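These notes are about the structure you will find just below.
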Amino acid sequence: MKTGVNVPNFGPGTDPGVLRDWARTVEGQGFDLLMLSDHIAITPDVAEQYPAPFYEPFTTLSWLAGLTTRVRLGTTVLIAPYRHALLTARMAANLNELSGGRLVLGVGVGWARQEFAALGIPFEQRGRLTDGVLRDVREAWADTAGYGNRRIPLWVGGNSDAGMRRAVRLGDAWHPLRCTMPWLREAADRLKVCADEHHLPVPAFAPRIALRPTTAPVIGPERLAGEGTIDQIMDDLDQLRLLGADTVVLDPYNGDPREISHPEPAWDALAAVAAHLHLTEQS
């Protein structure tokens with residue numbers, strides 16, 4: 001099982017220097033994947049959770065590709081309806097080629113109504129639009145003369161049944177975000193059932209979980225995977241491996257924009273996980 005990190009590319013305190021330090025930390029600690037999130041218009045509903053400045057993921061990942069050599073680079077998740085399918089296909093293919101085949105393209109339908117309105121995109125049609133974008137991107141990539149022949153993994157986000165079905169029909173992996181362990185166990189079973197119903201192969205299972213270390217154990221049914229003592233976090237990772245997870249992405253951002261200005265605790269938490277997984281000596 002591979003492990004990745006969702007790096008905050010937004011908020012007060014985020015600048016090129018901090019992003020560079022994040023990339024060097026993630027790669028230096030031996031993680032397999034560095035991922036960024038996506039917003040274009042930082043409308044009030046977006047800013048409440050992900051305040052400005054917000055660094056656009058394709059631009060930022062292209063820059064980070066030149067600062068790293070090994071770590072894969074991805075989006076968790078690119079909001080598919082926000083860009084024309086051919087633009088997404090072109091940017092993704094170019095970034096993949098320039099980085100030596102290191103891109104993972106995670107996509108989702110989006111949730112911010114005000115941002116959709118600012119971009120002139122009908123919010124109610126976002127599911128249908130996402131399906132169309134994914135089909136068109138795959139069709140464009142089939143033209144290897146124009147888009148290159150390096151394969152780009154396509155992860156489909158979304159915790160709903162619709163997201164799961166979309167992953168089965170159009171993705172290489174299903175990428176649910178920040179859930180409890182009981183939910184993830186049940187979801188892994190549902191993913192197999194969904195694939196059987198569509199008579200299609202089961203996509204890879206690639207959840208993004210929290211990374212919120214605590215000194216005392218966290219108990220109760222609402223505990224997120226990745227929340228608790230280092231022993232709880234490592235047990236969650238082990239359980240996900242047994243569930244067949246191909247990759248698990250750790251998300252150290254826990255909703256308070258003030259923490260972005262002080263990334264050191266997040267780096268320490270990643271170092272603790274890396275040490276338990278012995279990532280550094282394997283990289």
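By order of appearance in the structure tokens: chains A, B, ..., then residues from 1 within every chain, and ligands from 1 in the order shown.
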
Do you know which residues are at most 10 Å from Leu191 in chain A counting only C-alpha atoms, after dropping those on the same chain fewer than 3 positions away, and could you put them as a PyMOL selection string? chain A and resi 161+164-165+167-168+174+186-188+194-197+202-205

Those of range 14-247 of chain A in DSSP strand (DSSP E), formatted as a ChimeraX atom specification: /A:33-36,72-79,103-108,154-157,173-175,204-205,208-210,212-213,227-228,247

Filtering to N, CA, C and O atoms, could you give me those residues as a short mmCIF file (atom, residue, chain, number, x, y, z; two decimals), in the first residue's frame?
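Saved as part-v8.cif:
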```cif
data_model
loop_
_atom_site.label_atom_id
_atom_site.label_comp_id
_atom_site.auth_asym_id
_atom_site.auth_seq_id
_atom_site.Cartn_x
_atom_site.Cartn_y
_atom_site.Cartn_z
N LEU A 33 3.22 10.14 -2.69
CA LEU A 33 2.32 11.00 -3.45
C LEU A 33 2.09 12.31 -2.73
O LEU A 33 1.87 12.31 -1.51
N LEU A 34 2.13 13.42 -3.45
CA LEU A 34 1.81 14.75 -2.93
C LEU A 34 0.60 15.25 -3.72
O LEU A 34 0.64 15.31 -4.95
N MET A 35 -0.46 15.66 -3.00
CA MET A 35 -1.69 16.07 -3.67
C MET A 35 -2.12 17.47 -3.22
O MET A 35 -1.85 17.88 -2.08
N LEU A 36 -2.78 18.18 -4.13
CA LEU A 36 -3.31 19.51 -3.85
C LEU A 36 -4.79 19.55 -4.17
O LEU A 36 -5.28 18.78 -5.00
N ARG A 72 5.11 11.23 -6.63
CA ARG A 72 4.04 11.47 -7.58
C ARG A 72 3.27 12.73 -7.17
O ARG A 72 3.28 13.14 -6.01
N LEU A 73 2.58 13.33 -8.13
CA LEU A 73 1.91 14.61 -7.93
C LEU A 73 0.46 14.47 -8.36
O LEU A 73 0.17 13.92 -9.43
N GLY A 74 -0.47 14.96 -7.52
CA GLY A 74 -1.87 14.73 -7.86
C GLY A 74 -2.81 15.80 -7.35
O GLY A 74 -2.43 16.74 -6.65
N THR A 75 -4.08 15.64 -7.72
CA THR A 75 -5.15 16.56 -7.31
C THR A 75 -6.17 15.79 -6.49
O THR A 75 -6.60 14.71 -6.87
N THR A 76 -6.57 16.40 -5.38
CA THR A 76 -7.55 15.75 -4.48
C THR A 76 -8.54 16.80 -3.97
O THR A 76 -8.40 17.29 -2.88
N VAL A 77 -9.50 17.16 -4.80
CA VAL A 77 -9.70 16.71 -6.16
C VAL A 77 -9.89 17.93 -7.06
O VAL A 77 -10.35 18.99 -6.61
N LEU A 78 -9.55 17.75 -8.35
CA LEU A 78 -9.84 18.76 -9.36
C LEU A 78 -11.35 18.77 -9.59
O LEU A 78 -11.96 17.71 -9.75
N ILE A 79 -11.96 19.94 -9.59
CA ILE A 79 -13.41 20.03 -9.78
C ILE A 79 -13.69 20.00 -11.28
O ILE A 79 -13.45 20.97 -12.00
N LEU A 103 1.95 12.11 -12.65
CA LEU A 103 0.66 12.72 -12.30
C LEU A 103 -0.39 11.67 -11.94
O LEU A 103 -0.49 10.61 -12.57
N VAL A 104 -1.17 11.98 -10.91
CA VAL A 104 -2.41 11.28 -10.57
C VAL A 104 -3.52 12.32 -10.62
O VAL A 104 -3.48 13.30 -9.88
N LEU A 105 -4.49 12.13 -11.51
CA LEU A 105 -5.56 13.12 -11.67
C LEU A 105 -6.78 12.67 -10.88
O LEU A 105 -7.53 11.78 -11.32
N GLY A 106 -6.98 13.27 -9.71
CA GLY A 106 -8.19 13.05 -8.93
C GLY A 106 -9.22 14.10 -9.28
O GLY A 106 -8.89 15.29 -9.38
N VAL A 107 -10.47 13.68 -9.49
CA VAL A 107 -11.52 14.61 -9.90
C VAL A 107 -12.75 14.43 -9.03
O VAL A 107 -12.97 13.37 -8.44
N GLY A 108 -13.57 15.48 -8.97
CA GLY A 108 -14.82 15.43 -8.24
C GLY A 108 -15.83 16.38 -8.86
O GLY A 108 -15.51 17.14 -9.78
N LEU A 154 -6.69 7.95 -13.14
CA LEU A 154 -7.83 8.84 -12.95
C LEU A 154 -8.61 8.37 -11.72
O LEU A 154 -9.24 7.31 -11.73
N TRP A 155 -8.51 9.16 -10.64
CA TRP A 155 -9.22 8.85 -9.40
C TRP A 155 -10.50 9.66 -9.35
O TRP A 155 -10.50 10.87 -9.65
N VAL A 156 -11.58 9.04 -8.94
CA VAL A 156 -12.87 9.72 -8.85
C VAL A 156 -13.25 9.87 -7.39
O VAL A 156 -13.40 8.87 -6.67
N GLY A 157 -13.39 11.12 -6.93
CA GLY A 157 -13.77 11.39 -5.57
C GLY A 157 -15.27 11.39 -5.38
O GLY A 157 -16.04 11.28 -6.34
N ALA A 173 -9.70 4.53 -9.93
CA ALA A 173 -9.75 4.35 -8.47
C ALA A 173 -10.89 5.18 -7.91
O ALA A 173 -11.28 6.21 -8.47
N TRP A 174 -11.43 4.70 -6.78
CA TRP A 174 -12.41 5.48 -6.01
C TRP A 174 -11.68 6.14 -4.86
O TRP A 174 -10.90 5.50 -4.15
N HIS A 175 -11.97 7.43 -4.66
CA HIS A 175 -11.19 8.26 -3.74
C HIS A 175 -12.12 8.96 -2.74
O HIS A 175 -12.34 10.17 -2.82
N ALA A 204 -9.48 0.58 -8.12
CA ALA A 204 -8.64 0.64 -6.92
C ALA A 204 -9.33 1.46 -5.84
O ALA A 204 -10.18 2.32 -6.12
N PHE A 205 -8.98 1.19 -4.62
CA PHE A 205 -9.54 1.86 -3.45
C PHE A 205 -8.45 2.77 -2.90
O PHE A 205 -7.39 2.31 -2.48
N ARG A 208 -8.78 9.13 1.15
CA ARG A 208 -8.05 10.19 1.84
C ARG A 208 -8.60 10.27 3.25
O ARG A 208 -9.81 10.42 3.45
N ILE A 209 -7.71 10.14 4.24
CA ILE A 209 -8.13 10.13 5.63
C ILE A 209 -7.51 11.31 6.37
O ILE A 209 -6.59 11.97 5.86
N ALA A 210 -8.00 11.57 7.55
CA ALA A 210 -7.45 12.64 8.38
C ALA A 210 -6.06 12.26 8.86
O ALA A 210 -5.67 11.09 8.85
N ARG A 212 -4.68 13.51 12.32
CA ARG A 212 -4.90 14.35 13.49
C ARG A 212 -4.42 13.61 14.73
O ARG A 212 -5.21 12.93 15.41
N PRO A 213 -3.12 13.68 15.02
CA PRO A 213 -2.60 12.93 16.17
C PRO A 213 -3.00 13.56 17.49
O PRO A 213 -3.10 14.79 17.62
N GLU A 227 -7.42 9.71 13.05
CA GLU A 227 -7.54 10.59 14.21
C GLU A 227 -7.26 9.76 15.47
O GLU A 227 -7.82 8.69 15.66
N GLY A 228 -6.36 10.27 16.33
CA GLY A 228 -6.07 9.57 17.57
C GLY A 228 -4.58 9.44 17.81
O GLY A 228 -3.78 10.19 17.24
N THR A 247 -3.74 3.01 -2.26
CA THR A 247 -3.05 4.19 -1.73
C THR A 247 -3.93 4.82 -0.68
O THR A 247 -5.16 4.86 -0.83
#
```

Could you please write out, as a ChimeraX atom specification, every residue of range 234-282 of chain A that DSSP assigns to helix (DSSP H, G or I)? /A:234-242,257-261,264-277,279-282

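Considering only C-alpha atoms, the residue among A:Gly127, A:Arg150, A:Ala269, A:Gln29 positioned nearest to Thr214 in chain A is A:Ala269.
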
Between CA of Met181 in chain A and CA of Glu222 in chain A, what distance in Å does the model show, to one decimal?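 That distance, rounded to one decimal, is 9.3 Å.
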
Find the distance between CA of Ile230 in chain A and CA of Pro217 in chain A and write it in Å to one decimal. 9.0 Å

Per residue of range 42-61 of chain A within 10 Å of range 252-265 of chain A, note the shortest atom pair and the distance in Å to one decimal, counting only C-alpha atoms, and order the rows by chain and increasing residue number, as a tab-separated table.
```
residue	atom	partner	partner_atom	distance
A:Ala47	CA	A:Pro257	CA	9.8
A:Glu48	CA	A:Pro257	CA	9.1
A:Gln49	CA	A:Gly255	CA	6.5
A:Tyr50	CA	A:Pro257	CA	7.3
A:Pro51	CA	A:Pro257	CA	7.3
A:Ala52	CA	A:Pro257	CA	10.0
```

Resulting file, chosen residues, C-alpha atoms, as an mmCIF file, in the first residue's frame:
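That gives us selection-v6.cif:
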```
data_model
loop_
_atom_site.group_PDB
_atom_site.id
_atom_site.type_symbol
_atom_site.label_atom_id
_atom_site.label_comp_id
_atom_site.auth_asym_id
_atom_site.auth_seq_id
_atom_site.Cartn_x
_atom_site.Cartn_y
_atom_site.Cartn_z
ATOM 1 C CA ALA A 47 -13.280 31.091 1.797
ATOM 2 C CA GLU A 48 -15.007 29.910 4.963
ATOM 3 C CA GLN A 49 -13.092 26.629 4.702
ATOM 4 C CA TYR A 50 -10.284 27.382 2.255
ATOM 5 C CA PRO A 51 -9.326 31.062 2.451
ATOM 6 C CA ALA A 52 -7.131 32.980 0.016
#
```

Who sits within 10 Å of Asp235 in chain A, only C-alpha atoms, same chain under 5 positions skipped, as a ChimeraX atom specification: /A:225-226,229-230,240-241

Would you give me, as CSV, each residue of range 32-140 of chain A having an atom within 12 Å of an atom of range 16-25 of chain A, along with its shortest atom pair and that distance in Å to one decimal, using only C-alpha atoms and sorting by chain and residue number?
```
residue,atom,partner,partner_atom,distance
A:Asp32,CA,A:Ala23,CA,11.4
A:Leu33,CA,A:Ala23,CA,9.9
A:Leu34,CA,A:Ala23,CA,7.3
A:Met35,CA,A:Ala23,CA,9.8
A:Leu36,CA,A:Leu19,CA,10.4
A:Pro53,CA,A:Pro16,CA,11.1
A:Phe54,CA,A:Pro16,CA,11.4
A:Tyr55,CA,A:Pro16,CA,9.3
A:Pro57,CA,A:Leu19,CA,11.6
A:Thr59,CA,A:Pro16,CA,11.7
A:Thr60,CA,A:Leu19,CA,8.6
A:Leu61,CA,A:Ala23,CA,9.8
A:Trp63,CA,A:Arg20,CA,9.1
A:Leu64,CA,A:Ala23,CA,6.9
A:Ala65,CA,A:Ala23,CA,9.2
A:Gly66,CA,A:Arg20,CA,10.3
A:Leu67,CA,A:Arg20,CA,7.4
A:Thr68,CA,A:Ala23,CA,7.2
A:Thr69,CA,A:Arg24,CA,10.0
A:Arg70,CA,A:Arg24,CA,10.7
A:Val71,CA,A:Ala23,CA,8.7
A:Arg72,CA,A:Ala23,CA,10.6
A:Leu73,CA,A:Ala23,CA,9.8
```

Residue nearest Asp131 in chain A - candidates A:Ala162, A:Val5, A:Ala245, A:Ala145, atoms counted: only C-alpha atoms: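 Checking each candidate against Asp131 in chain A, we get A:Ala162 as the closest.
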
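With CA of Pro153 in chain A on one side and CA of Asp172 in chain A on the other, the separation reads 6.0 Å.
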
Show me, as a CSV table (one decimal) with N, CA and C atoms, in the first residue's frame, the residues that have an atom within 9 Å of Thr43 in chain A when counting only C-alpha atoms, minus same-chain residues fewer than 3 positions from it.
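Output saved as out_11.csv:
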```csv
chain,number,residue,atom,x,y,z
A,40,ILE,N,-11.2,27.8,-7.9
A,40,ILE,CA,-10.8,28.9,-8.8
A,40,ILE,C,-11.3,30.2,-8.3
A,46,VAL,N,-16.5,29.2,-0.2
A,46,VAL,CA,-15.2,28.5,-0.3
A,46,VAL,C,-14.3,29.1,0.8
A,47,ALA,N,-14.2,30.4,0.9
A,47,ALA,CA,-13.3,31.1,1.8
A,47,ALA,C,-13.5,30.7,3.2
A,48,GLU,N,-14.7,30.3,3.6
A,48,GLU,CA,-15.0,29.9,5.0
A,48,GLU,C,-14.2,28.7,5.4
A,112,ALA,N,-19.4,23.9,-4.0
A,112,ALA,CA,-19.6,25.3,-3.6
A,112,ALA,C,-20.6,26.0,-4.6
A,114,GLN,N,-21.8,29.0,-4.7
A,114,GLN,CA,-21.5,30.4,-5.1
A,114,GLN,C,-20.3,30.4,-6.1
A,115,GLU,N,-19.4,29.4,-5.9
A,115,GLU,CA,-18.3,29.3,-6.9
A,115,GLU,C,-18.8,28.9,-8.3
A,118,ALA,N,-20.4,32.0,-9.8
A,118,ALA,CA,-19.3,32.9,-10.2
A,118,ALA,C,-18.7,32.5,-11.6
```

Counting only C-alpha atoms, which residue out of A:Gly110, A:Gly101, A:Pro12, A:Pro182 sits closest to Arg223 in chain A? A:Pro182

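The shell of residues at most 8 Å from Arg113 in chain A, with only C-alpha atoms counted and near chain neighbours (fewer than 2 positions) removed, consists of Asp45, Trp111, Glu115, Phe116, Ala117 and Phe123 of chain A.
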
Quick one: residues within 12 Å of Leu277 in chain A, only C-alpha atoms, excluding same-chain residues fewer than 3 positions away - as JSON, numbers by chain? {"A": [1, 2, 3, 29, 30, 31, 230, 231, 233, 234, 235, 237, 238, 270, 271, 272, 273, 274, 280, 281, 282, 283]}
